[in-house]
Amino acid sequence: MFKLKLDAVKVFSPKKIMFKLMLWLMVSCAVLLLSPPNILATIALDQFIAEHAQFVGLGLIVSIAYFLSQLINLGLDESIRHLSDKRVIETIESKVNLLDPAERALLREFFLQGATILTLPQNETAVRSLVNACILEALGNERHYAIQGPTADYKIAMKARMYLNRDVLRLPAGEPSQEEMQSLIKARPQFLNGLVQNRKHAA
């Protein structure tokens, strides 16, 4: 029932109503102005057009101006989106080339655990830095702990995934050996070790 009400609100949104009104106005005015006089006389509109042609023409101009403004807005929105995406990519590329050991180890953890989402402390420098660089994306699910501090769920942003290969993360080629895995685990930041231990206890 609630979903039906929401759908009804979407159908009668002001933007959709305005679009439909302007479309009908443009079509109606164009038909009235472009129809042959004999057809207008048949439907008894010839006298009306003769007396109110300026208003019909004004209606056509207003409706065309409306659709032109919508087209311009669409172009501006697309340009802004393109520039924003370009800026995000540049930020990611710059950060990937300057990852510090803690940030690299944090990103490795997604691959070591085979997880797409990790619960991480929000106040850790590495977490904040990767979020600011558009590499990590916060998903919410915040929790607050007296000792550990606030945590939230994070995933690697879609735009960043193509840049995080094995060379960047310094992961061994293929399946890591026992010695390589131990080395990677030792390189974990302290806060990750604590989270992993807590997760094991909870399991």
# chains A, B, ... in the order shown; residues from 1 in each chain; ligands from 1
$ residues_around --residues "Leu106 in chain A" --least-positions-apart "6" --cutoff "9 Å" --atoms "only C-alpha atoms" --output "short mmCIF file (atom, residue, chain, number, x, y, z; two decimals) with N, CA and C atoms, in the first residue's frame"
data_model
loop_
_atom_site.label_atom_id
_atom_site.label_comp_id
_atom_site.auth_asym_id
_atom_site.auth_seq_id
_atom_site.Cartn_x
_atom_site.Cartn_y
_atom_site.Cartn_z
N ALA A 126 44.71 5.75 7.45
CA ALA A 126 44.73 5.06 6.15
C ALA A 126 43.33 4.97 5.56
N VAL A 127 42.34 4.73 6.40
CA VAL A 127 40.95 4.63 5.93
C VAL A 127 40.48 5.98 5.41
N ARG A 188 50.23 -6.53 8.05
CA ARG A 188 48.95 -5.90 8.35
C ARG A 188 49.13 -4.76 9.34
N PRO A 189 48.40 -3.65 9.15
CA PRO A 189 48.38 -2.61 10.18
C PRO A 189 47.79 -3.17 11.47
N LEU A 192 44.04 -3.62 11.79
CA LEU A 192 43.45 -4.72 11.03
C LEU A 192 43.60 -6.03 11.79
#
$ residues_around --residues "Val96 in chain A" --least-positions-apart "3" --cutoff "10 Å" --atoms "only C-alpha atoms" --output "PyMOL selection string"
chain A and resi 90-93+99-100+103-104+130+133+135+160+163-164+168-169
$ residues_around --residues "Leu40 in chain A" --least-positions-apart "6" --cutoff "12 Å" --atoms "only C-alpha atoms" --output "list of chain:residue names"
A:Val31, A:Leu32, A:Leu33, A:Leu34, A:Asp46, A:Gln47, A:Phe48, A:Ile49, A:Ala50
$ write_last_selection --atoms "all heavy atoms" --output "PDB file, in the first residue's frame"
ATOM      1  N   VAL A  31       0.137  22.572 -34.376  1.00  0.00           N
ATOM      2  CA  VAL A  31      -0.946  22.079 -35.245  1.00  0.00           C
ATOM      3  C   VAL A  31      -1.868  23.213 -35.669  1.00  0.00           C
ATOM      4  O   VAL A  31      -2.248  23.333 -36.836  1.00  0.00           O
ATOM      5  CB  VAL A  31      -1.740  20.967 -34.521  1.00  0.00           C
ATOM      6  CG1 VAL A  31      -3.027  20.644 -35.279  1.00  0.00           C
ATOM      7  CG2 VAL A  31      -0.888  19.716 -34.382  1.00  0.00           C
ATOM      8  N   LEU A  32      -2.232  24.092 -34.728  1.00  0.00           N
ATOM      9  CA  LEU A  32      -3.132  25.208 -35.033  1.00  0.00           C
ATOM     10  C   LEU A  32      -2.509  26.187 -36.027  1.00  0.00           C
ATOM     11  O   LEU A  32      -3.189  26.708 -36.920  1.00  0.00           O
ATOM     12  CB  LEU A  32      -3.515  25.943 -33.751  1.00  0.00           C
ATOM     13  CG  LEU A  32      -4.453  25.190 -32.794  1.00  0.00           C
ATOM     14  CD1 LEU A  32      -4.606  25.963 -31.493  1.00  0.00           C
ATOM     15  CD2 LEU A  32      -5.809  24.953 -33.447  1.00  0.00           C
ATOM     16  N   LEU A  33      -1.221  26.446 -35.878  1.00  0.00           N
ATOM     17  CA  LEU A  33      -0.555  27.411 -36.755  1.00  0.00           C
ATOM     18  C   LEU A  33      -0.229  26.835 -38.125  1.00  0.00           C
ATOM     19  O   LEU A  33      -0.202  27.572 -39.127  1.00  0.00           O
ATOM     20  CB  LEU A  33       0.727  27.917 -36.098  1.00  0.00           C
ATOM     21  CG  LEU A  33       0.550  28.845 -34.889  1.00  0.00           C
ATOM     22  CD1 LEU A  33       1.901  29.162 -34.271  1.00  0.00           C
ATOM     23  CD2 LEU A  33      -0.159  30.146 -35.309  1.00  0.00           C
ATOM     24  N   LEU A  34       0.008  25.537 -38.210  1.00  0.00           N
ATOM     25  CA  LEU A  34       0.450  24.933 -39.467  1.00  0.00           C
ATOM     26  C   LEU A  34      -0.673  24.254 -40.249  1.00  0.00           C
ATOM     27  O   LEU A  34      -0.470  23.851 -41.401  1.00  0.00           O
ATOM     28  CB  LEU A  34       1.567  23.911 -39.189  1.00  0.00           C
ATOM     29  CG  LEU A  34       2.840  24.485 -38.535  1.00  0.00           C
ATOM     30  CD1 LEU A  34       3.815  23.365 -38.213  1.00  0.00           C
ATOM     31  CD2 LEU A  34       3.490  25.525 -39.440  1.00  0.00           C
ATOM     32  N   ASP A  46     -11.086  28.488 -37.503  1.00  0.00           N
ATOM     33  CA  ASP A  46     -10.449  29.513 -38.330  1.00  0.00           C
ATOM     34  C   ASP A  46     -10.612  30.905 -37.745  1.00  0.00           C
ATOM     35  O   ASP A  46      -9.678  31.714 -37.730  1.00  0.00           O
ATOM     36  CB  ASP A  46     -11.003  29.460 -39.754  1.00  0.00           C
ATOM     37  CG  ASP A  46     -12.522  29.558 -39.773  1.00  0.00           C
ATOM     38  OD1 ASP A  46     -13.151  29.184 -38.764  1.00  0.00           O
ATOM     39  OD2 ASP A  46     -13.059  30.002 -40.806  1.00  0.00           O
ATOM     40  N   GLN A  47     -11.799  31.197 -37.214  1.00  0.00           N
ATOM     41  CA  GLN A  47     -12.043  32.504 -36.616  1.00  0.00           C
ATOM     42  C   GLN A  47     -11.223  32.685 -35.337  1.00  0.00           C
ATOM     43  O   GLN A  47     -10.664  33.747 -35.088  1.00  0.00           O
ATOM     44  CB  GLN A  47     -13.533  32.659 -36.309  1.00  0.00           C
ATOM     45  CG  GLN A  47     -13.958  34.075 -35.913  1.00  0.00           C
ATOM     46  CD  GLN A  47     -13.793  35.074 -37.054  1.00  0.00           C
ATOM     47  OE1 GLN A  47     -13.911  34.711 -38.220  1.00  0.00           O
ATOM     48  NE2 GLN A  47     -13.501  36.321 -36.709  1.00  0.00           N
ATOM     49  N   PHE A  48     -11.139  31.605 -34.572  1.00  0.00           N
ATOM     50  CA  PHE A  48     -10.363  31.653 -33.325  1.00  0.00           C
ATOM     51  C   PHE A  48      -8.891  31.939 -33.620  1.00  0.00           C
ATOM     52  O   PHE A  48      -8.274  32.780 -32.954  1.00  0.00           O
ATOM     53  CB  PHE A  48     -10.506  30.326 -32.577  1.00  0.00           C
ATOM     54  CG  PHE A  48      -9.645  30.238 -31.351  1.00  0.00           C
ATOM     55  CD1 PHE A  48     -10.040  30.790 -30.147  1.00  0.00           C
ATOM     56  CD2 PHE A  48      -8.395  29.611 -31.403  1.00  0.00           C
ATOM     57  CE1 PHE A  48      -9.241  30.708 -29.023  1.00  0.00           C
ATOM     58  CE2 PHE A  48      -7.589  29.529 -30.286  1.00  0.00           C
ATOM     59  CZ  PHE A  48      -8.014  30.083 -29.088  1.00  0.00           C
ATOM     60  N   ILE A  49      -8.335  31.263 -34.607  1.00  0.00           N
ATOM     61  CA  ILE A  49      -6.922  31.462 -34.955  1.00  0.00           C
ATOM     62  C   ILE A  49      -6.698  32.864 -35.480  1.00  0.00           C
ATOM     63  O   ILE A  49      -5.686  33.516 -35.172  1.00  0.00           O
ATOM     64  CB  ILE A  49      -6.461  30.411 -35.985  1.00  0.00           C
ATOM     65  CG1 ILE A  49      -6.528  29.000 -35.376  1.00  0.00           C
ATOM     66  CG2 ILE A  49      -5.049  30.701 -36.462  1.00  0.00           C
ATOM     67  CD1 ILE A  49      -5.675  28.815 -34.145  1.00  0.00           C
ATOM     68  N   ALA A  50      -7.634  33.363 -36.272  1.00  0.00           N
ATOM     69  CA  ALA A  50      -7.489  34.713 -36.827  1.00  0.00           C
ATOM     70  C   ALA A  50      -7.449  35.763 -35.724  1.00  0.00           C
ATOM     71  O   ALA A  50      -6.723  36.758 -35.820  1.00  0.00           O
ATOM     72  CB  ALA A  50      -8.643  35.000 -37.791  1.00  0.00           C
TER      73      ALA A  50
END
$ closest_residue --among "A:Arg143, A:Arg128, A:Ser94, A:Ile89" --to "Met162 in chain A" --atoms "only C-alpha atoms"
A:Ile89
$ closest_residue --among "A:Lys95, A:Lys155, A:Arg170, A:Lys86" --to "Ala115 in chain A" --atoms "only C-alpha atoms"
A:Lys155
$ closest_atom_pairs --of "range 64-148 of chain A" --to "range 13-18 of chain A" --cutoff "12 Å" --atoms "only C-alpha atoms" --output "CSV"
residue,atom,partner,partner_atom,distance
A:Tyr66,CA,A:Met18,CA,9.6
A:Phe67,CA,A:Met18,CA,10.7
A:Gln70,CA,A:Lys15,CA,10.8
$ write_last_selection --atoms "N, CA and C atoms" --output "mmCIF file, in the first residue's frame"
data_model
loop_
_atom_site.group_PDB
_atom_site.id
_atom_site.type_symbol
_atom_site.label_atom_id
_atom_site.label_comp_id
_atom_site.auth_asym_id
_atom_site.auth_seq_id
_atom_site.Cartn_x
_atom_site.Cartn_y
_atom_site.Cartn_z
ATOM 1 N N TYR A 66 11.104 26.260 -23.502
ATOM 2 C CA TYR A 66 11.181 25.333 -22.362
ATOM 3 C C TYR A 66 12.004 24.103 -22.725
ATOM 4 N N PHE A 67 11.719 23.496 -23.881
ATOM 5 C CA PHE A 67 12.443 22.280 -24.262
ATOM 6 C C PHE A 67 13.904 22.584 -24.591
ATOM 7 N N GLN A 70 15.623 22.728 -21.282
ATOM 8 C CA GLN A 70 15.831 21.382 -20.750
ATOM 9 C C GLN A 70 17.013 20.695 -21.447
#
